[in-house]
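Student: Structure in structure tokens, see below.
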Amino acid sequence: MLIPVAVARWASLLAVLAAPLPALAADAAISPAWFKAATASTPLCAGNGRRVHIGFERAAAAACSIDADGHVHVTIAPENKPINPSPWYGLVVASDAPAPTIVTLHYGDSRHRYAPWTAEPGAPAHRLDQQAVTIAADQHSATMCLPTARTRLLIAQPPERSDDVLARFEAKVQAGQLIRADAGHSVARRPLAVYHHRPAEPRGTIVIITRQHPPETTGPQAFARFTDVLLGTSRAARAFRRRHALMIVPLANPDGFVMGHWRHNLGGVDLNRDWGPFTQPETRALGAAITAEAARGPILAVIDFHSTFRDVVYAPPQPNEPDLGEAMLAAITRDLAGADIRIDRAHNPGNGVLKSWARDQFGVGALTWEVGDDSPPARTNRLATAAATALMAAAARQ
Ligand SMILES: [Zn+2]
């Protein structure tokens, strides 16, 4: 149900994306070669010594204009509507002007959500100095002052490419620790990578998934730490893996991720409302893969990592006891005694959310773990470590 305007908008971007770009890891320096490739495309707009480019993975759908004084105006548009307001932006501003560049992002009906990140060629990305960002009183636009530089990436979250997202798991496939068995393909035929750990005689499988929603970054950070602990070399992790299979899905919505979507897949659907209707190839394929896993042995828990405005765990009453999800919740709550986290026990069957579908389909503890957009990374890592450690301890008791 892709609307024609969206098709036209993305056609040019898809053509650009056919050419591979160099890797772009979140904390590594972004190479001059990456910038060269990103700015090789026809600019989205140009004038007064400035050019705006969106020829790279995770660039935003946008329109732009440049005033006579060099002020850049970019209108950020969602992939379709209605949509959750998560205005994603990703652009490269190139400048030959000797002065700083003023950029205003216009969000239409939506409000500013993500504090901008920036990077120059050969340097790692970092948050743009807060002093350089002015958010309009109505929050429908944000204006930022970019220091003088020939080219500069401006992006809503720390830059990461799809290859970077999969790299940590690909390394474990190379090392023989994981097996990759893709569930199928996205709308645009990108592979839906699934990584399995399969011991000889598992008690059952824990399913861990993230990035149904493209801009979310802090949830995937928790996912990365959580899976690192389970796949680690500690005695507890090795004992856990002798008796438990793992099914890991790092990039559930590859098209949306690559194309800088706010929320949906390329079919214009929120995938985390499609578990049950299964109208999209991503949910159909991943649902079938989880069902096939359940035919090999019981699904013991399903954990789906997301991001929102604050830390909240959606954990409906668990159908069976003892439950691994409950052990994790207890660990998180204990670790955060007195801290700001919400546990939401509501169960809404039939709403198309993965955790609801999994709970009702397999009778297992299933939860959605949302990490706040601005939650400190150290806290997120600590909680993810505590949760994974509790999961392994609870599994050992069963
Ligand atoms: Zn989400």
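Chain lettering (A, B, ...) mirrors the order of the structure tokens, residue numbering begins at 1 for each chain separately, and ligand numbering begins at 1 in order of display.
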Using DSSP on the backbone coordinates, identify the residues of region 135-369 of chain A assigned to strand (DSSP E or B); present them as a VMD selection string.

Tutor: chain A and resid 135 141 to 146 151 to 155 179 to 180 185 191 195 to 197 204 to 210 244 to 249 299 to 308 312 to 314 342 to 344 365 to 369

Student: Do you know which residues are within 6 Å of ligand 1 using only C-alpha atoms and all ligand atoms? Can you write them as an mmCIF file with N, CA, C and O atoms, in the first residue's frame?

Tutor:
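Here's the written file result_8.cif:
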data_model
loop_
_atom_site.group_PDB
_atom_site.id
_atom_site.type_symbol
_atom_site.label_atom_id
_atom_site.label_comp_id
_atom_site.auth_asym_id
_atom_site.auth_seq_id
_atom_site.Cartn_x
_atom_site.Cartn_y
_atom_site.Cartn_z
ATOM 1 N N HIS A 213 11.441 -0.873 14.385
ATOM 2 C CA HIS A 213 11.219 0.557 14.130
ATOM 3 C C HIS A 213 12.562 1.228 13.833
ATOM 4 O O HIS A 213 13.445 1.269 14.694
ATOM 5 N N HIS A 306 13.062 -1.976 21.991
ATOM 6 C CA HIS A 306 12.621 -0.753 21.315
ATOM 7 C C HIS A 306 13.158 0.467 22.061
ATOM 8 O O HIS A 306 13.772 0.351 23.111
ATOM 9 N N SER A 307 12.819 1.658 21.514
ATOM 10 C CA SER A 307 13.127 2.921 22.193
ATOM 11 C C SER A 307 11.885 3.790 22.197
ATOM 12 O O SER A 307 11.087 3.759 21.268
#

Student: Considering only C-alpha atoms, state which residue in the set A:Arg379, A:Arg241, A:Arg203, A:His264 is at the smallest distance from Glu216 (chain A).

Tutor: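 When distances to Glu216 (chain A) are compared using only C-alpha atoms, the smallest one comes from A:His264.
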
Student: Which residues are near region 72-86 of chain A? Cut-off 6 Å, only C-alpha atoms, ignore same chain within fewer than 5 positions. Put them as a count of residues only.

Tutor: 14

Student: Out of A:Leu128, A:Leu286, A:Ile135, A:Ala236, which residue has the shortest atom-to-atom distance to Gly184 (chain A) when counting only C-alpha atoms?

Tutor: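 Closest to Gly184 (chain A), using only C-alpha atoms: A:Leu286.
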
Student: With distances taken over only C-alpha atoms, which of A:Arg284, A:His196, A:Arg359, A:Arg273 is nearest to Glu170 (chain A)?

Tutor: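 Closest to Glu170 (chain A) of all the choices is A:His196.
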
Student: Using only C-alpha atoms, which residue out of A:Ser162, A:Thr283, A:Ser41, A:Asn348 lies closest to Glu57 (chain A)?

Tutor: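 Result for the nearest residue to Glu57 (chain A): A:Ser162.
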
Student: Neighbours of Pro281 (chain A) within 10 Å (only C-alpha atoms; same-chain residues fewer than 2 positions away dropped), as a list of chain:residue names?

Tutor: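 The contact residues come out as A:Ala183, A:Gly184, A:His185, A:Ser186, A:Val187, A:Ala188, A:Arg189, A:Leu192, A:Asn265, A:Gly267, A:Leu271, A:Phe278, A:Thr279, A:Thr283, A:Arg284, A:Ala285, A:Leu286, A:Gly287.
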
Student: Grab the residues selected above and save them as a compact mmCIF listing (two decimals), in the first residue's frame with all heavy atoms.

Tutor:
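This is the output file part12.txt:
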# COMPACT_ATOMS: atom_id res chain seq x y z
N ALA A 183 15.42 -15.64 7.54
CA ALA A 183 14.00 -16.03 7.59
C ALA A 183 13.34 -15.82 6.23
O ALA A 183 12.32 -16.45 5.94
CB ALA A 183 13.28 -15.20 8.65
N GLY A 184 13.87 -14.95 5.42
CA GLY A 184 13.25 -14.60 4.14
C GLY A 184 13.74 -13.24 3.73
O GLY A 184 14.89 -12.89 4.02
N HIS A 185 12.84 -12.47 3.09
CA HIS A 185 13.24 -11.17 2.57
C HIS A 185 12.24 -10.09 2.95
O HIS A 185 11.06 -10.36 3.17
CB HIS A 185 13.36 -11.22 1.05
CG HIS A 185 14.50 -12.04 0.57
ND1 HIS A 185 14.37 -13.37 0.27
CD2 HIS A 185 15.79 -11.72 0.35
CE1 HIS A 185 15.55 -13.84 -0.11
NE2 HIS A 185 16.43 -12.86 -0.08
N SER A 186 12.75 -8.86 2.96
CA SER A 186 11.91 -7.68 3.13
C SER A 186 11.17 -7.38 1.83
O SER A 186 11.36 -8.05 0.81
CB SER A 186 12.80 -6.50 3.51
OG SER A 186 13.65 -6.20 2.41
N VAL A 187 10.37 -6.32 1.85
CA VAL A 187 9.66 -5.88 0.64
C VAL A 187 10.66 -5.66 -0.50
O VAL A 187 10.43 -6.08 -1.64
CB VAL A 187 8.86 -4.58 0.91
CG1 VAL A 187 8.28 -4.02 -0.38
CG2 VAL A 187 7.75 -4.85 1.93
N ALA A 188 11.79 -5.00 -0.21
CA ALA A 188 12.79 -4.69 -1.24
C ALA A 188 13.81 -5.81 -1.40
O ALA A 188 14.89 -5.59 -1.95
CB ALA A 188 13.48 -3.38 -0.93
N ARG A 189 13.48 -7.01 -0.91
CA ARG A 189 14.30 -8.22 -1.07
C ARG A 189 15.62 -8.15 -0.30
O ARG A 189 16.60 -8.82 -0.65
CB ARG A 189 14.59 -8.52 -2.55
CG ARG A 189 13.34 -8.61 -3.43
CD ARG A 189 12.49 -9.82 -3.12
NE ARG A 189 13.18 -11.08 -3.33
CZ ARG A 189 12.73 -12.25 -2.88
NH1 ARG A 189 11.61 -12.32 -2.18
NH2 ARG A 189 13.40 -13.36 -3.10
N LEU A 192 16.38 -11.05 5.69
CA LEU A 192 16.00 -10.93 7.11
C LEU A 192 16.91 -11.87 7.88
O LEU A 192 16.64 -13.06 8.02
CB LEU A 192 14.52 -11.32 7.29
CG LEU A 192 13.53 -10.36 6.62
CD1 LEU A 192 12.15 -10.99 6.51
CD2 LEU A 192 13.47 -9.03 7.37
N ASN A 265 7.69 -0.15 7.53
CA ASN A 265 8.49 -0.86 6.53
C ASN A 265 8.21 -0.24 5.16
O ASN A 265 7.48 0.76 5.06
CB ASN A 265 8.18 -2.37 6.57
CG ASN A 265 6.85 -2.69 5.92
OD1 ASN A 265 5.95 -1.83 5.86
ND2 ASN A 265 6.69 -3.90 5.43
N GLY A 267 6.37 -1.29 2.93
CA GLY A 267 4.96 -1.44 2.60
C GLY A 267 4.08 -0.41 3.31
O GLY A 267 2.85 -0.47 3.19
N LEU A 271 5.42 -2.61 11.55
CA LEU A 271 5.57 -4.06 11.67
C LEU A 271 5.13 -4.56 13.04
O LEU A 271 4.64 -5.68 13.17
CB LEU A 271 7.01 -4.48 11.39
CG LEU A 271 7.50 -4.26 9.94
CD1 LEU A 271 8.95 -4.70 9.81
CD2 LEU A 271 6.62 -5.03 8.96
N PHE A 278 -0.24 -10.31 9.70
CA PHE A 278 0.83 -10.79 8.81
C PHE A 278 0.61 -10.35 7.36
O PHE A 278 0.61 -11.17 6.45
CB PHE A 278 0.98 -12.31 8.90
CG PHE A 278 1.49 -12.77 10.24
CD1 PHE A 278 0.70 -13.54 11.09
CD2 PHE A 278 2.77 -12.44 10.66
CE1 PHE A 278 1.16 -13.95 12.32
CE2 PHE A 278 3.26 -12.86 11.90
CZ PHE A 278 2.44 -13.61 12.73
N THR A 279 0.43 -9.06 7.17
CA THR A 279 0.25 -8.54 5.81
C THR A 279 1.58 -8.27 5.12
O THR A 279 1.60 -8.02 3.92
CB THR A 279 -0.55 -7.23 5.83
OG1 THR A 279 0.22 -6.23 6.52
CG2 THR A 279 -1.90 -7.39 6.52
N THR A 283 7.07 -9.62 8.70
CA THR A 283 6.41 -10.29 9.82
C THR A 283 6.03 -11.72 9.44
O THR A 283 6.13 -12.63 10.27
CB THR A 283 5.17 -9.50 10.25
OG1 THR A 283 4.54 -8.95 9.09
CG2 THR A 283 5.53 -8.38 11.20
N ARG A 284 5.61 -11.92 8.19
CA ARG A 284 5.26 -13.28 7.75
C ARG A 284 6.47 -14.20 7.87
O ARG A 284 6.37 -15.30 8.43
CB ARG A 284 4.80 -13.26 6.28
CG ARG A 284 3.29 -13.20 6.09
CD ARG A 284 2.87 -13.69 4.71
NE ARG A 284 3.52 -12.99 3.62
CZ ARG A 284 3.11 -11.81 3.13
NH1 ARG A 284 2.04 -11.22 3.63
NH2 ARG A 284 3.74 -11.24 2.13
N ALA A 285 7.61 -13.73 7.37
CA ALA A 285 8.80 -14.59 7.36
C ALA A 285 9.33 -14.81 8.78
O ALA A 285 9.67 -15.94 9.16
CB ALA A 285 9.89 -13.94 6.50
N LEU A 286 9.37 -13.75 9.57
CA LEU A 286 9.89 -13.91 10.94
C LEU A 286 8.91 -14.71 11.80
O LEU A 286 9.33 -15.53 12.63
CB LEU A 286 10.17 -12.54 11.56
CG LEU A 286 11.34 -11.78 10.90
CD1 LEU A 286 11.40 -10.33 11.39
CD2 LEU A 286 12.67 -12.48 11.19
N GLY A 287 7.61 -14.51 11.59
CA GLY A 287 6.60 -15.29 12.31
C GLY A 287 6.73 -16.77 11.98
O GLY A 287 6.67 -17.64 12.86

Student: Considering only C-alpha atoms, can you say which of A:Gly276, A:Pro191, A:Pro87, A:Pro32 comes closest to Tyr114 (chain A)?

Tutor: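 Closest candidate: A:Pro87.
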